[in-house]
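Asks: Can you read through this structure? Questions will come right after.
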Amino acid sequence: SLNADEYRKSFEKHFGELKEGDKIMELGCSSGRMIRWFEPEASRGVDVWGCDIDGPAIAWAQQNLPSNLNFFMNTTAPHLPFRDNSLNFIFAESVFTHIAELADAWLLELARVMNKDRGLAILSINDEFERIYETGGKMFTGPQKARKLIKDLKEPLGKLTFTDGPWLTGVWYSNEFILSRLNKIFNIIEIIPKYHGMYQTAYLLSIK
């Protein structure tokens with residue numbers, strides 16, 4: 001709930017309170033770990049959606065979470081079943097850290113569905129601000145491996161991808177490179193390293 005509240009506060013800072021008729025979506029919601037905490041908004045008329053490529057997780061959310069929260073399974077192809085200019089708030093935590101080849105196409109799809117007057121997207125990304133993330137006495141190997149690979153590179157890093165399996169694709173960006181991609185499509189409102197205490201950086205975006 002604390003993580004969800006951080007996202008809520010970020011939206012409110014720039015666009016005020018989510019209100020009846022607004023539409024929000026979490027891309028990569030799994031079983032609704034964060035989007036479920038937006039049920040108070042749903043109960044006052046905010047249209048709340050979550051999507052993920054994990055079918056069993058979406059099925060669980062549909063069956064076990066409040067019926068005023070909407071869930072659907074999406075595919076890895078960059079397509080969302082929403083009209084142009086229709087979503088006021090999109091957030092994707094640790095999603096673009098796993099999209100290797102289709103990241104630009106997904107950014108364009110998010111831009112298509114975002115409301116141009118009252119729309120905010122928050123994406124968390126592995127970049128040069130990242131720090132090794134430790135939890136429960138165990139250290140995630142991704143940041144360690146990425147740092148070693150980056151150190152050994154002979155040329156400046158733009159984008160680095162490695163994989164330990166279908167669910168363990170890791171994508172790291174240099175700050176210069178990710179900014180060059182985002183600036184083609186979005187206004188960058190804020191960049192927040194270690195957003196709500198995690199090792200990733202949050203990029204807050206609106207439509208140009």
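Each chain in the structure tokens gets a letter, A, B and so on, in the order shown; residues start at 1 in every chain, and ligands are counted from 1 in the order they appear.
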Excluding range 158-161 of chain A and residues on its chain fewer than 5 positions from it, collect all residues at most 6 Å away from it, counting only C-alpha atoms, and give them as a VMD selection string.

Replies: chain A and resid 170 to 174 177

Asks: Tell me, as a VMD selection string, which residues lie within 9 Å of Asn68 in chain A, counting only C-alpha atoms; anything in the same chain fewer than 5 positions away does not count.

Replies: chain A and resid 39 42 to 43 47 to 48

Asks: Give me the residues near Ala111 in chain A as a VMD selection string, where near means some atom within 9 Å (using only C-alpha atoms) and where sequence neighbours in that chain fewer than 2 positions away do not count.

Replies: chain A and resid 84 to 85 106 to 109 113 to 116 121 185 to 186 206 to 207

Asks: Please provide as a list in words all residues within 7 Å of Asp54 in chain A, with the sequence filter that same-chain residues fewer than 3 positions apart are discarded (counting only C-alpha atoms).

Replies: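 In the requested form, the answer reads Ser30, Ala57, Ile58 and Met73 of chain A.
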
Asks: How would the residues just chosen look if you wrote them out with N, CA, C and O atoms as a PDB file, in the first residue's frame?

Replies:
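Done, and the output landed in again.pdb:
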ATOM      1  N   SER A  30       0.535  -7.980 -12.459  1.00  0.00           N
ATOM      2  CA  SER A  30       0.554  -9.310 -11.841  1.00  0.00           C
ATOM      3  C   SER A  30      -0.835  -9.607 -11.270  1.00  0.00           C
ATOM      4  O   SER A  30      -1.837  -9.417 -11.956  1.00  0.00           O
ATOM      5  N   ALA A  57      -2.260 -15.129 -13.028  1.00  0.00           N
ATOM      6  CA  ALA A  57      -2.303 -14.006 -12.087  1.00  0.00           C
ATOM      7  C   ALA A  57      -3.520 -13.127 -12.354  1.00  0.00           C
ATOM      8  O   ALA A  57      -4.212 -12.689 -11.418  1.00  0.00           O
ATOM      9  N   ILE A  58      -3.821 -12.874 -13.618  1.00  0.00           N
ATOM     10  CA  ILE A  58      -5.004 -12.071 -13.966  1.00  0.00           C
ATOM     11  C   ILE A  58      -6.283 -12.798 -13.572  1.00  0.00           C
ATOM     12  O   ILE A  58      -7.220 -12.201 -13.022  1.00  0.00           O
ATOM     13  N   MET A  73      -5.836  -9.758 -19.516  1.00  0.00           N
ATOM     14  CA  MET A  73      -4.531 -10.262 -19.937  1.00  0.00           C
ATOM     15  C   MET A  73      -4.154  -9.606 -21.254  1.00  0.00           C
ATOM     16  O   MET A  73      -4.937  -9.613 -22.205  1.00  0.00           O
TER      17      MET A  73
END

Asks: If you count only C-alpha atoms, which residues fall within 12 Å of Glu6 in chain A, apart from same-chain ones fewer than 3 positions away, as a count of residues only?

Replies: 20

Asks: Calculate how many Å separate CA of Ala61 in chain A from CA of Glu41 in chain A, rounding to one decimal.

Replies: 17.4 Å

Asks: Here is a test: counting only C-alpha atoms, which residue of A:Gln62, A:Ile53, A:Leu18, A:Asn175 is nearest to Pro78 in chain A?

Replies: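 So, comparing all the options, the nearest one is A:Ile53.
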
Asks: If we count only C-alpha atoms, what is near Asn88 in chain A at a cut-off of 7 Å, once residues fewer than 6 positions away on the same chain are taken out, given as a PyMOL selection string?

Replies: chain A and resi 22-24+114-115+118-120

Asks: Can you pull out the residues contacting Val95 in chain A? Cut-off 8 Å, using only C-alpha atoms, and skip same-chain residues under 4 positions away; I want them as a count of residues only.

Replies: 6

Asks: Using only C-alpha atoms, pick whichever of A:Tyr203, A:Asp5, A:Arg112, A:Asp127 has the shortest atom-to-atom distance to Arg83 in chain A.

Replies: A:Arg112
